[in-house]
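Undergrad: Below is the file my_file_2.csv, with CSV, C-alpha atoms and all ligand atoms.
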```
chain,number,residue,atom,x,y,z
A,296,MET,CA,0.0,0.0,0.0
A,297,PRO,CA,1.5,3.4,-1.0
A,298,SER,CA,2.6,5.6,1.9
A,299,ILE,CA,0.7,8.8,2.1
A,300,ARG,CA,2.0,11.7,4.1
A,301,PRO,CA,-0.8,12.9,6.4
A,302,GLY,CA,-2.1,16.3,5.7
A,303,PRO,CA,-3.1,18.9,8.3
A,304,GLU,CA,-6.3,18.4,10.3
A,305,ARG,CA,-9.3,19.9,8.5
A,306,GLU,CA,-10.3,23.3,9.7
A,307,PRO,CA,-14.0,24.2,9.3
A,308,ASP,CA,-14.5,26.6,6.4
A,309,ALA,CA,-14.1,29.9,8.1
A,310,VAL,CA,-16.7,32.6,7.6
A,311,PRO,CA,-15.1,35.2,5.3
A,312,PRO,CA,-13.3,37.7,7.5
A,313,LEU,CA,-14.3,40.6,5.3
A,314,PRO,CA,-16.8,41.1,2.5
A,315,ARG,CA,-15.3,40.8,-0.9
A,316,ARG,CA,-16.1,44.4,-1.8
A,317,GLU,CA,-13.7,45.5,1.0
A,318,ALA,CA,-10.9,43.4,-0.3
A,319,PRO,CA,-8.1,45.2,-2.2
A,320,ASP,CA,-8.2,45.1,-6.0
A,321,GLY,CA,-7.2,41.9,-7.6
A,322,LEU,CA,-8.3,38.3,-7.5
A,323,TRP,CA,-8.3,37.7,-3.8
A,324,ASP,CA,-10.1,34.9,-1.9
A,325,ARG,CA,-11.4,34.6,1.6
A,326,TYR,CA,-8.2,33.0,2.9
A,327,GLY,CA,-5.9,35.8,1.8
A,328,ARG,CA,-4.5,34.2,-1.4
A,329,ARG,CA,-4.3,36.3,-4.5
A,330,ALA,CA,-4.5,34.7,-8.0
A,331,THR,CA,-1.8,36.0,-10.3
A,332,ASP,CA,-1.4,33.0,-12.5
A,333,MET,CA,-4.0,32.4,-15.1
A,334,ARG,CA,-4.7,29.0,-16.8
A,335,LEU,CA,-6.7,29.4,-19.9
A,336,SER,CA,-8.1,26.4,-21.8
A,337,LEU,CA,-8.3,26.9,-25.6
A,338,THR,CA,-10.2,23.8,-26.4
A,339,ASP,CA,-11.5,20.5,-25.0
A,340,ARG,CA,-10.5,18.5,-28.1
A,341,CYS,CA,-7.4,16.5,-28.3
A,342,SER,CA,-5.3,14.4,-30.6
A,343,LEU,CA,-4.5,11.8,-27.9
A,344,ARG,CA,-6.7,9.7,-25.5
A,345,CYS,CA,-4.5,9.4,-22.4
A,346,THR,CA,-6.0,6.7,-20.1
A,347,TYR,CA,-5.7,8.9,-17.0
A,348,CYS,CA,-7.5,11.8,-18.8
A,349,MET,CA,-10.0,10.8,-21.5
A,350,PRO,CA,-12.0,7.8,-22.4
A,351,ALA,CA,-11.0,5.7,-25.5
A,352,LYS,CA,-13.9,7.1,-27.5
A,353,GLY,CA,-13.2,10.7,-26.6
A,354,LEU,CA,-15.9,12.9,-25.0
A,355,GLU,CA,-18.8,14.8,-26.3
A,356,TRP,CA,-17.1,18.0,-27.4
A,357,MET,CA,-18.2,21.5,-26.6
A,358,ALA,CA,-20.4,23.0,-29.3
A,359,LYS,CA,-18.3,25.3,-31.5
A,360,GLN,CA,-20.3,28.4,-30.7
A,361,ALA,CA,-19.8,27.7,-26.9
A,362,VAL,CA,-16.0,27.9,-27.2
A,363,MET,CA,-14.4,31.3,-26.6
A,364,THR,CA,-13.4,33.1,-29.8
A,365,ALA,CA,-9.9,34.5,-30.2
A,366,GLU,CA,-11.2,38.0,-29.6
A,367,GLU,CA,-13.0,36.9,-26.4
A,368,ILE,CA,-9.8,35.3,-25.2
A,369,ILE,CA,-7.7,38.3,-26.0
A,370,ARG,CA,-10.1,40.6,-24.1
A,371,THR,CA,-10.2,38.2,-21.1
A,372,VAL,CA,-6.5,38.2,-20.8
A,373,ARG,CA,-6.3,42.0,-21.2
A,374,LEU,CA,-8.8,42.4,-18.4
A,375,GLY,CA,-6.9,39.9,-16.2
A,376,VAL,CA,-3.6,41.6,-16.7
A,377,ARG,CA,-4.6,45.3,-16.7
A,378,GLU,CA,-7.4,45.2,-14.1
A,379,LEU,CA,-6.8,42.2,-11.9
A,380,GLY,CA,-3.1,41.7,-11.5
A,381,ILE,CA,-2.5,38.6,-13.6
A,382,ARG,CA,1.3,38.2,-14.1
A,383,GLU,CA,1.6,34.9,-15.9
A,384,LEU,CA,-0.5,33.1,-18.5
A,385,ARG,CA,-0.6,29.4,-19.4
A,386,LEU,CA,-2.5,28.2,-22.4
A,387,THR,CA,-3.8,24.6,-22.1
A,388,GLY,CA,-6.6,22.3,-23.1
A,389,GLY,CA,-7.5,19.7,-24.4
A,390,GLU,CA,-4.8,20.1,-26.8
A,391,PRO,CA,-4.0,23.7,-27.7
A,392,LEU,CA,-2.3,22.7,-31.0
A,393,VAL,CA,-5.6,21.5,-32.5
A,394,ARG,CA,-7.0,25.0,-32.3
A,395,ALA,CA,-6.9,26.5,-35.9
A,396,ASP,CA,-6.5,30.1,-34.8
A,397,LEU,CA,-3.8,29.4,-32.1
A,398,PHE,CA,-1.3,31.8,-33.7
A,399,ASP,CA,-3.9,34.6,-33.8
A,400,VAL,CA,-4.7,34.0,-30.1
A,401,ILE,CA,-1.0,34.2,-29.1
A,402,SER,CA,0.0,37.1,-31.3
A,403,GLY,CA,-3.1,39.0,-30.2
A,404,ILE,CA,-2.3,38.6,-26.5
A,405,ARG,CA,1.4,39.4,-27.2
A,406,ALA,CA,0.5,42.6,-29.0
A,407,ASN,CA,-1.3,43.9,-25.8
A,408,HIS,CA,1.3,42.6,-23.4
A,409,PRO,CA,4.9,42.8,-24.6
A,410,HIS,CA,6.3,41.5,-21.3
A,411,LEU,CA,3.7,38.9,-20.1
A,412,PRO,CA,5.2,35.4,-19.7
A,413,ILE,CA,3.0,33.2,-22.0
A,414,ALA,CA,3.5,29.4,-21.5
A,415,MET,CA,1.7,26.5,-23.2
A,416,THR,CA,1.2,22.9,-22.1
A,417,THR,CA,0.9,20.6,-25.1
A,418,ASN,CA,1.1,16.9,-25.9
A,419,GLY,CA,3.6,17.7,-28.7
A,420,VAL,CA,1.7,16.1,-31.6
A,421,GLY,CA,2.2,18.4,-34.5
A,422,LEU,CA,4.7,20.6,-32.7
A,423,GLN,CA,7.6,19.9,-35.0
A,424,THR,CA,6.4,22.3,-37.6
A,425,ARG,CA,4.8,24.8,-35.3
A,426,ALA,CA,7.4,25.4,-32.6
A,427,ALA,CA,9.2,28.2,-34.5
A,428,PRO,CA,6.0,30.0,-35.6
A,429,LEU,CA,4.7,29.8,-32.0
A,430,LYS,CA,7.9,31.4,-30.8
A,431,ALA,CA,7.6,34.1,-33.5
A,432,ALA,CA,3.9,34.7,-32.5
A,433,GLY,CA,5.1,35.4,-28.9
A,434,LEU,CA,5.0,32.2,-26.9
A,435,THR,CA,7.6,32.3,-24.1
A,436,ARG,CA,7.8,28.8,-22.7
A,437,ILE,CA,6.5,25.3,-23.3
A,438,ASN,CA,5.7,22.2,-21.3
A,439,ILE,CA,5.4,18.9,-23.3
A,440,SER,CA,3.8,15.8,-21.9
A,441,LEU,CA,5.9,12.7,-22.3
A,442,ASP,CA,5.1,9.6,-20.2
A,443,SER,CA,7.3,7.1,-22.0
A,444,LEU,CA,10.3,6.8,-24.4
A,445,HIS,CA,9.0,3.5,-25.6
A,446,GLU,CA,6.6,3.3,-28.5
A,447,GLU,CA,4.5,0.4,-27.1
A,448,THR,CA,4.2,2.0,-23.6
A,449,PHE,CA,3.5,5.4,-25.1
A,450,LYS,CA,0.7,3.8,-27.2
A,451,ARG,CA,-0.7,2.0,-24.2
A,452,LEU,CA,-0.9,5.2,-22.3
A,453,THR,CA,-2.1,7.6,-25.0
A,454,ARG,CA,-3.9,5.1,-27.2
A,455,ARG,CA,-2.1,6.6,-30.2
A,456,PRO,CA,1.2,5.7,-32.0
A,457,PHE,CA,2.7,9.2,-32.0
A,458,LEU,CA,5.9,8.9,-29.9
A,459,THR,CA,8.3,9.7,-32.8
A,460,GLN,CA,6.2,12.9,-33.6
A,461,VAL,CA,6.3,14.0,-30.0
A,462,LEU,CA,10.1,13.5,-29.7
A,463,ALA,CA,10.5,15.5,-32.9
A,464,GLY,CA,8.3,18.2,-31.3
A,465,VAL,CA,10.5,18.3,-28.2
A,466,ASP,CA,13.6,18.8,-30.3
A,467,ALA,CA,11.9,21.5,-32.4
A,468,ALA,CA,10.8,23.4,-29.3
A,469,ARG,CA,14.4,23.5,-28.0
A,470,ASP,CA,15.7,24.6,-31.4
A,471,ALA,CA,13.1,27.3,-31.6
A,472,GLY,CA,14.3,28.8,-28.4
A,473,LEU,CA,11.3,27.8,-26.3
A,474,GLY,CA,13.6,26.2,-23.7
A,475,PRO,CA,14.4,25.2,-21.2
A,476,VAL,CA,11.7,22.7,-22.3
A,477,LYS,CA,9.8,21.2,-19.4
A,478,LEU,CA,8.5,17.7,-19.7
A,479,ASN,CA,5.5,16.4,-17.8
A,480,ALA,CA,5.2,12.8,-16.9
A,481,VAL,CA,2.4,10.9,-15.1
A,482,LEU,CA,3.4,7.5,-13.8
A,483,MET,CA,0.9,4.7,-13.9
A,484,ARG,CA,1.5,1.6,-11.8
A,485,GLY,CA,2.7,-1.4,-13.8
A,486,ILE,CA,2.8,0.5,-17.0
A,487,ASN,CA,5.5,3.2,-17.0
A,488,ASP,CA,6.5,3.6,-13.3
A,489,ALA,CA,9.6,1.5,-13.8
A,490,GLU,CA,10.7,3.9,-16.5
A,491,ALA,CA,11.0,6.9,-14.1
A,492,PRO,CA,14.9,6.7,-13.8
A,493,GLU,CA,15.2,6.3,-17.6
A,494,LEU,CA,12.9,9.3,-18.2
A,495,LEU,CA,15.1,11.4,-15.9
A,496,ARG,CA,18.4,10.2,-17.4
A,497,TRP,CA,17.2,11.1,-20.9
A,498,SER,CA,15.8,14.5,-19.8
A,499,LEU,CA,19.1,15.4,-18.1
A,500,GLN,CA,21.1,14.4,-21.1
A,501,GLN,CA,18.9,16.5,-23.4
A,502,GLY,CA,18.9,19.5,-21.1
A,503,HIS,CA,15.2,19.4,-20.4
A,504,GLU,CA,13.5,19.7,-17.0
A,505,LEU,CA,11.4,16.8,-16.1
A,506,ARG,CA,8.4,17.0,-13.7
A,507,PHE,CA,6.5,14.1,-12.5
A,508,ILE,CA,2.8,14.7,-11.8
A,509,GLU,CA,0.9,12.6,-9.3
A,510,GLN,CA,-2.2,11.1,-11.0
A,511,MET,CA,-5.2,13.1,-9.9
A,512,PRO,CA,-8.9,12.0,-9.8
A,513,LEU,CA,-9.8,13.9,-12.9
A,514,ASP,CA,-10.1,11.1,-15.5
A,515,ALA,CA,-13.4,10.9,-17.4
A,516,ASP,CA,-13.5,7.1,-16.7
A,517,HIS,CA,-13.4,7.6,-12.9
A,518,GLY,CA,-10.7,5.0,-12.8
A,519,TRP,CA,-8.5,6.8,-10.2
A,520,SER,CA,-7.8,5.0,-7.0
A,521,ARG,CA,-5.9,6.5,-4.1
A,522,TRP,CA,-4.3,3.1,-3.4
A,523,ASP,CA,-3.2,2.6,-6.9
A,524,MET,CA,-1.7,6.0,-7.7
A,525,ILE,CA,2.1,6.4,-7.6
A,526,THR,CA,2.7,8.9,-4.8
A,527,ALA,CA,5.5,11.5,-4.7
A,528,ALA,CA,7.2,9.4,-2.0
A,529,GLU,CA,7.2,6.5,-4.4
A,530,ILE,CA,8.6,8.6,-7.2
A,531,ARG,CA,11.5,9.7,-5.0
A,532,GLU,CA,12.1,6.1,-4.1
A,533,LEU,CA,12.0,5.0,-7.7
A,534,LEU,CA,14.5,7.7,-8.7
A,535,SER,CA,16.8,6.8,-5.7
A,536,THR,CA,17.9,3.6,-7.4
A,537,GLU,CA,20.1,5.8,-9.7
A,538,TYR,CA,20.0,9.3,-8.2
A,539,VAL,CA,20.4,11.3,-5.0
A,540,LEU,CA,17.8,14.1,-4.8
A,541,THR,CA,18.3,17.1,-2.6
A,542,THR,CA,15.8,19.9,-2.2
A,543,ASP,CA,16.6,22.8,-4.5
A,544,PRO,CA,17.6,25.8,-2.5
A,545,GLY,CA,15.6,28.2,-4.9
A,546,HIS,CA,12.4,29.6,-3.5
A,547,ARG,CA,9.3,27.6,-4.6
A,548,ASP,CA,7.3,30.8,-4.9
A,549,GLY,CA,3.8,29.3,-5.3
A,550,ALA,CA,5.0,26.9,-8.0
A,551,PRO,CA,3.2,23.5,-8.0
A,552,ALA,CA,6.4,21.5,-8.5
A,553,GLU,CA,8.8,20.9,-5.7
A,554,ARG,CA,12.2,21.0,-7.3
A,555,PHE,CA,15.2,18.8,-6.4
A,556,GLN,CA,18.8,18.9,-7.5
A,557,VAL,CA,19.8,15.6,-9.0
A,558,ARG,CA,23.2,13.8,-8.5
A,559,ARG,CA,24.2,10.4,-9.7
A,560,ARG,CA,24.2,7.8,-6.9
A,561,ASP,CA,27.7,6.2,-6.6
A,562,SER,CA,27.3,3.0,-4.5
A,563,SER,CA,31.0,2.3,-4.7
A,564,ARG,CA,31.6,5.4,-2.7
A,565,GLY,CA,29.0,4.8,-0.1
A,566,GLY,CA,26.4,6.8,-2.0
A,567,ILE,CA,28.6,9.9,-2.3
A,568,THR,CA,28.0,11.6,-5.6
A,569,GLY,CA,29.5,14.2,-8.0
A,570,PRO,CA,28.2,17.5,-9.1
A,571,ALA,CA,24.5,18.3,-9.7
A,572,LEU,CA,23.4,17.1,-13.2
A,573,GLY,CA,20.3,19.2,-13.2
A,574,THR,CA,16.9,19.4,-11.5
A,575,VAL,CA,13.7,17.4,-11.4
A,576,GLY,CA,10.3,18.5,-10.2
A,577,ILE,CA,7.5,16.5,-8.5
A,578,ILE,CA,3.9,17.8,-8.4
A,579,ALA,CA,2.3,16.1,-5.5
A,580,SER,CA,-1.2,17.6,-5.7
A,581,VAL,CA,-2.8,14.7,-3.9
A,582,THR,CA,-0.3,13.6,-1.1
A,583,GLU,CA,1.6,16.8,-0.5
A,584,PRO,CA,-0.9,19.5,-1.6
A,585,PHE,CA,0.1,23.1,-1.9
A,586,CYS,CA,-3.4,24.7,-1.7
A,587,GLY,CA,-2.3,27.2,0.9
A,588,ASP,CA,0.0,28.8,-1.6
A,589,CYS,CA,-2.1,28.5,-4.7
A,590,ARG,CA,-2.1,31.5,-7.0
A,591,ARG,CA,-4.1,30.1,-9.9
A,592,THR,CA,-7.3,31.1,-11.6
A,593,ARG,CA,-8.7,29.0,-14.4
A,594,ILE,CA,-11.0,29.7,-17.4
A,595,THR,CA,-12.4,26.8,-19.4
A,596,ALA,CA,-12.6,26.8,-23.1
A,597,ASP,CA,-16.3,27.6,-22.9
A,598,GLY,CA,-15.6,30.6,-20.7
A,599,LYS,CA,-16.4,29.4,-17.2
A,600,ILE,CA,-14.3,30.6,-14.3
A,601,MET,CA,-13.0,27.8,-12.0
A,602,SER,CA,-11.3,28.9,-8.8
A,603,CYS,CA,-9.7,25.5,-8.4
A,604,LEU,CA,-9.0,22.5,-10.6
A,605,PHE,CA,-11.1,20.4,-8.2
A,606,SER,CA,-13.9,22.9,-7.7
A,607,ARG,CA,-17.4,21.7,-8.5
A,608,GLN,CA,-18.5,25.3,-9.0
A,609,GLU,CA,-18.2,27.0,-12.4
A,610,ILE,CA,-19.0,30.6,-12.9
A,611,ASP,CA,-20.2,31.7,-16.3
A,612,PHE,CA,-18.0,34.5,-17.7
A,613,VAL,CA,-18.3,34.5,-21.4
A,614,SER,CA,-22.1,34.7,-21.5
A,615,LEU,CA,-21.8,37.9,-19.5
A,616,MET,CA,-19.3,39.2,-22.0
A,617,ARG,CA,-21.6,38.2,-24.9
A,618,GLN,CA,-24.5,40.1,-23.3
A,619,GLY,CA,-22.4,43.3,-23.6
A,620,ALA,CA,-21.0,43.6,-20.1
A,621,THR,CA,-18.5,46.3,-19.4
A,622,ASP,CA,-14.9,45.5,-18.3
A,623,ARG,CA,-15.9,46.6,-14.7
A,624,GLU,CA,-18.8,44.2,-14.6
A,625,LEU,CA,-16.7,41.3,-16.0
A,626,ALA,CA,-13.9,42.1,-13.5
A,627,GLU,CA,-16.4,42.0,-10.6
A,628,ARG,CA,-17.8,38.6,-11.7
A,629,TRP,CA,-14.2,37.2,-11.9
A,630,GLN,CA,-13.5,38.6,-8.4
A,631,ASP,CA,-16.7,37.2,-6.9
A,632,ALA,CA,-15.8,33.8,-8.4
A,633,MET,CA,-12.3,33.8,-6.9
A,634,TRP,CA,-13.5,35.1,-3.6
A,635,ALA,CA,-15.4,31.7,-3.2
A,636,LYS,CA,-12.3,29.7,-3.8
A,637,PRO,CA,-12.3,26.7,-1.4
A,638,ARG,CA,-9.5,26.6,1.2
A,639,ALA,CA,-8.3,23.2,-0.1
A,640,HIS,CA,-9.3,20.5,-2.5
A,641,GLY,CA,-10.5,18.1,0.1
A,642,MET,CA,-8.4,15.0,-0.7
A,643,ASP,CA,-5.6,15.7,1.8
A,644,HIS,CA,-7.0,16.1,5.2
A,645,THR,CA,-6.5,12.7,6.8
A,646,GLY,CA,-4.4,11.1,4.1
A,647,LEU,CA,-6.8,8.2,4.3
A,648,GLY,CA,-10.3,8.3,3.0
A,649,THR,CA,-11.6,10.6,0.3
A,650,GLU,CA,-15.1,10.5,1.7
A,651,ASP,CA,-15.7,14.3,1.5
A,652,PHE,CA,-14.0,14.6,-1.9
A,653,VAL,CA,-16.3,14.6,-4.9
A,654,GLN,CA,-14.7,14.5,-8.3
A,655,PRO,CA,-15.7,17.5,-10.4
A,656,ASP,CA,-18.3,17.0,-13.1
A,657,ARG,CA,-15.8,17.7,-15.9
A,658,SER,CA,-12.6,15.8,-16.4
A,659,MET,CA,-9.1,17.2,-16.9
A,660,SER,CA,-9.2,17.8,-20.7
A,661,ALA,CA,-12.5,19.7,-20.4
A,662,ILE,CA,-11.4,21.9,-17.5
A,663,GLY,CA,-7.9,22.6,-18.8
A,664,GLY,CA,-4.9,21.0,-17.0
B,1,LIG,N1,-3.0,18.2,-23.9
B,1,LIG,C1,-2.0,18.8,-23.3
B,1,LIG,C2,-1.0,17.9,-22.6
B,1,LIG,O1,-1.3,16.7,-22.5
B,1,LIG,O2,0.0,18.4,-22.2
B,1,LIG,C3,-2.5,19.9,-22.3
B,1,LIG,C4,-3.6,19.5,-21.4
B,1,LIG,S1,-3.3,18.2,-20.3
B,1,LIG,C5,-4.9,18.1,-19.5
B,1,LIG,C6,-2.2,19.0,-19.1
B,1,LIG,C7,-1.4,18.1,-18.2
B,1,LIG,O3,-2.3,17.4,-17.4
B,1,LIG,C8,-0.6,17.0,-19.0
B,1,LIG,O4,0.7,17.1,-18.6
B,1,LIG,C9,-1.2,15.7,-18.5
B,1,LIG,O5,-0.3,14.7,-18.4
B,1,LIG,C10,-1.8,16.1,-17.2
B,1,LIG,N2,-2.9,15.3,-16.8
B,1,LIG,C11,-4.0,14.9,-17.4
B,1,LIG,N3,-4.8,14.2,-16.7
B,1,LIG,C12,-4.2,14.0,-15.5
B,1,LIG,C13,-4.6,13.4,-14.3
B,1,LIG,N4,-5.7,12.6,-14.1
B,1,LIG,N5,-3.7,13.5,-13.2
B,1,LIG,C14,-2.6,14.2,-13.4
B,1,LIG,N6,-2.2,14.8,-14.5
B,1,LIG,C15,-3.0,14.7,-15.5
B,2,LIG,FE1,-5.2,15.0,-24.4
B,2,LIG,FE2,-3.5,16.1,-22.7
B,2,LIG,FE3,-5.7,14.7,-21.9
B,2,LIG,FE4,-3.7,13.4,-23.0
B,2,LIG,S1,-3.6,14.6,-21.1
B,2,LIG,S2,-5.8,13.1,-23.5
B,2,LIG,S3,-2.9,14.8,-24.4
B,2,LIG,S4,-5.7,16.6,-23.0
```
Take the structure from the file and write it as structure tokens.
Ligand code: SAM
Ligand code: SF4
TA:
Amino acid sequence: MPSIRPGPEREPDAVPPLPRREAPDGLWDRYGRRATDMRLSLTDRCSLRCTYCMPAKGLEWMAKQAVMTAEEIIRTVRLGVRELGIRELRLTGGEPLVRADLFDVISGIRANHPHLPIAMTTNGVGLQTRAAPLKAAGLTRINISLDSLHEETFKRLTRRPFLTQVLAGVDAARDAGLGPVKLNAVLMRGINDAEAPELLRWSLQQGHELRFIEQMPLDADHGWSRWDMITAAEIRELLSTEYVLTTDPGHRDGAPAERFQVRRRDSSRGGITGPALGTVGIIASVTEPFCGDCRRTRITADGKIMSCLFSRQEIDFVSLMRQGATDRELAERWQDAMWAKPRAHGMDHTGLGTEDFVQPDRSMSAIGG
């Protein structure tokens, strides 16, 4: 049975200490956190069918007219940055590369915000030919999901035979100047967990930064099990067969990944190792949650605000925009939505049961990971 680090005792949800209207400008919540990092989903569609995310048959896609247009997205970002203190943007999905007007979206945002960091999370399918134009359009950084370096395992996880394409996309991203490229890997028990040291070895050799993400209960098939997921503690153990990890001295600064410096384990010298080879990140959303430090606000592809990835409350934003709302009215709706952000996602309190945790209605690809 995987070891789970106990989380803090649950505190009752406190009554808001002050009404939202008295809070300072920006996207504050009742617990004193301010969202400055915006995750914006561009589509719910995707070119892969990862087992921990989508069903084999895909999902019922959002109607085309429900999805935010490039103009609506550009206005939303402008509002977030100019009125509400957003400092970082990540484009995600579904798969952002399947969106036909992706370059218009990025260049439109960049035209308004010359210094805003714009990152994108992608599965890398089709990236080989698009990496350089994405950089030219104004993209700053990229995360590419890569769960295996072996075609058969990749296919088992993603249900598609596209590993070669994805690897070409990773190279193209580095060559286009979108580096240091970050790679995201989800480990699944008995499928790719044994590959963890190999994934790290390869990433270090290539100069990419690998981040392992604990599998979260956000799959459309509802197949997640607390007892079956590979925990952060297990990931560290898997890596320890080849590497010694030491906490990176750099400040975490609200980032979801805990970063470690990586040194090769040298058993002939009693485990003493040479210089750091690079870093690895572990995102332990389930077993070592970082809700207290969360700075994220999310908007789904159909224009709903979600204050948390695990929230079951969605606040309609784009309909208000389509009804002709002013920037001030839109900003207030966004602030109200964030004010109601839950203190924590509810999976962490005892480290045992998940009785009070209810999986959100939408799965990862439909919310935007
Ligand atoms: N399609 C793009 C991709 O795969 O990179 C962007 C969207 S995807 C939802 C964003 C990230 O979420 C990916 O790195 C993916 O591995 C991760 N992800 C998806 N479902 C997950 C789950 N149930 N638990 C943890 N991570 C998940
Ligand atoms: Fe698609 Fe990304 Fe979900 Fe995989 S994780 S099915 S690539 S949205």
Undergrad: Rounded to one decimal place, report the atom CA of A:Thr595-atom CA of A:Leu482 distance in Å.
TA: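 Calculated distance between atom CA of A:Thr595 and atom CA of A:Leu482 is 25.6 Å.
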Undergrad: Kindly provide, as number ranges by chain, the polymer residues lying within 12 Å of (11.3, 17.5, -35.1), counting only C-alpha atoms and using the coordinates exactly as they appear in the file.
TA: A: 419-427, 458-471
Undergrad: Would you write out those residues with C-alpha atoms, as a short mmCIF file (atom, residue, chain, number, x, y, z; two decimals), keeping the file's coordinate frame?
TA:
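For reference, part.cif as written:
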```cif
data_model
loop_
_atom_site.label_atom_id
_atom_site.label_comp_id
_atom_site.auth_asym_id
_atom_site.auth_seq_id
_atom_site.Cartn_x
_atom_site.Cartn_y
_atom_site.Cartn_z
CA GLY A 419 3.60 17.70 -28.70
CA VAL A 420 1.70 16.10 -31.60
CA GLY A 421 2.20 18.40 -34.50
CA LEU A 422 4.70 20.60 -32.70
CA GLN A 423 7.60 19.90 -35.00
CA THR A 424 6.40 22.30 -37.60
CA ARG A 425 4.80 24.80 -35.30
CA ALA A 426 7.40 25.40 -32.60
CA ALA A 427 9.20 28.20 -34.50
CA LEU A 458 5.90 8.90 -29.90
CA THR A 459 8.30 9.70 -32.80
CA GLN A 460 6.20 12.90 -33.60
CA VAL A 461 6.30 14.00 -30.00
CA LEU A 462 10.10 13.50 -29.70
CA ALA A 463 10.50 15.50 -32.90
CA GLY A 464 8.30 18.20 -31.30
CA VAL A 465 10.50 18.30 -28.20
CA ASP A 466 13.60 18.80 -30.30
CA ALA A 467 11.90 21.50 -32.40
CA ALA A 468 10.80 23.40 -29.30
CA ARG A 469 14.40 23.50 -28.00
CA ASP A 470 15.70 24.60 -31.40
CA ALA A 471 13.10 27.30 -31.60
#
```
Undergrad: Residues within 7 Å of ligand LIG 1 (chain B), counting only C-alpha atoms and all ligand atoms: report them as a VMD selection string.
TA: chain A and resid 341 347 to 348 387 to 391 416 to 418 438 to 440 479 to 481 508 to 514 659 to 660 663 to 664
Undergrad: Please compute the atom CA of A:Ser614-atom CA of A:Ser336 distance, one decimal, in Å.
TA: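 Computing the Euclidean distance for atom CA of A:Ser614 and atom CA of A:Ser336 yields 16.3 Å.
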Undergrad: Fewer than 3 positions away in the same chain doesn't count, so skip those; otherwise give me all residues within 10 Å of A:Glu355, counting only C-alpha atoms, as a PyMOL selection string.
TA: chain A and resi 339-340+352+358+661
Undergrad: Using atom CA of A:Gln500 and atom CA of A:Thr542 as the two end points, give the distance in Å to one decimal.
TA: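 For atom CA of A:Gln500 relative to atom CA of A:Thr542, the distance reads 20.4 Å.
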Undergrad: With all atoms listed in the file as the atoms that count, which of A:Glu367, A:Glu493, A:Glu446, A:Glu627 lies nearest to A:Asp399?
TA: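 Once distances to A:Asp399 are computed over all atoms listed in the file, the minimum belongs to A:Glu367.
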Undergrad: So, with only C-alpha atoms and all ligand atoms as the atoms that count, which of A:Pro319, A:Pro350, A:Gly327, A:Gly598 lies closest to ligand LIG 2 (chain B)?
TA: A:Pro350
Undergrad: Give me, as a ChimeraX atom specification, all polymer residues having an atom no more than 7 Å from A:Ile437, counting all atoms listed in the file and skipping those fewer than 5 positions away in the same chain.
TA: /A:414-416,473,476-477
Undergrad: Mind checking which residues fall within 8 Å of A:Thr541, counting only C-alpha atoms, ignoring those fewer than 4 positions away in the same chain, and posting them as a list in words?
TA: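 Contacts, in chain order: Phe555, Gln556 and Val557 of chain A.
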Undergrad: Looking at all atoms listed in the file, which of A:Arg593, A:Arg617, A:Arg334, A:Arg436 is the one that sits closest to A:Arg385?
TA: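 The answer is A:Arg334, which sits nearest to A:Arg385.
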Undergrad: Tell me which protein, DNA and RNA residues are within 10 Å of A:Arg405, counting all atoms listed in the file, leaving out same-chain ones fewer than 6 positions away, and put them as a PyMOL selection string.
TA: chain A and resi 369+399+411-413+432-435
Undergrad: Quick one: of A:Ala515, A:Leu615, A:Ala632, A:Cys589, who's nearest to ligand LIG 2 (chain B), counting all atoms listed in the file?
TA: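 Selected residue with least distance to ligand LIG 2 (chain B): A:Ala515.
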Undergrad: Using only C-alpha atoms and all ligand atoms, which residue out of A:Asp488, A:Glu383, A:Asp442, A:Asp320 lies closest to ligand LIG 2 (chain B)?
TA: A:Asp442
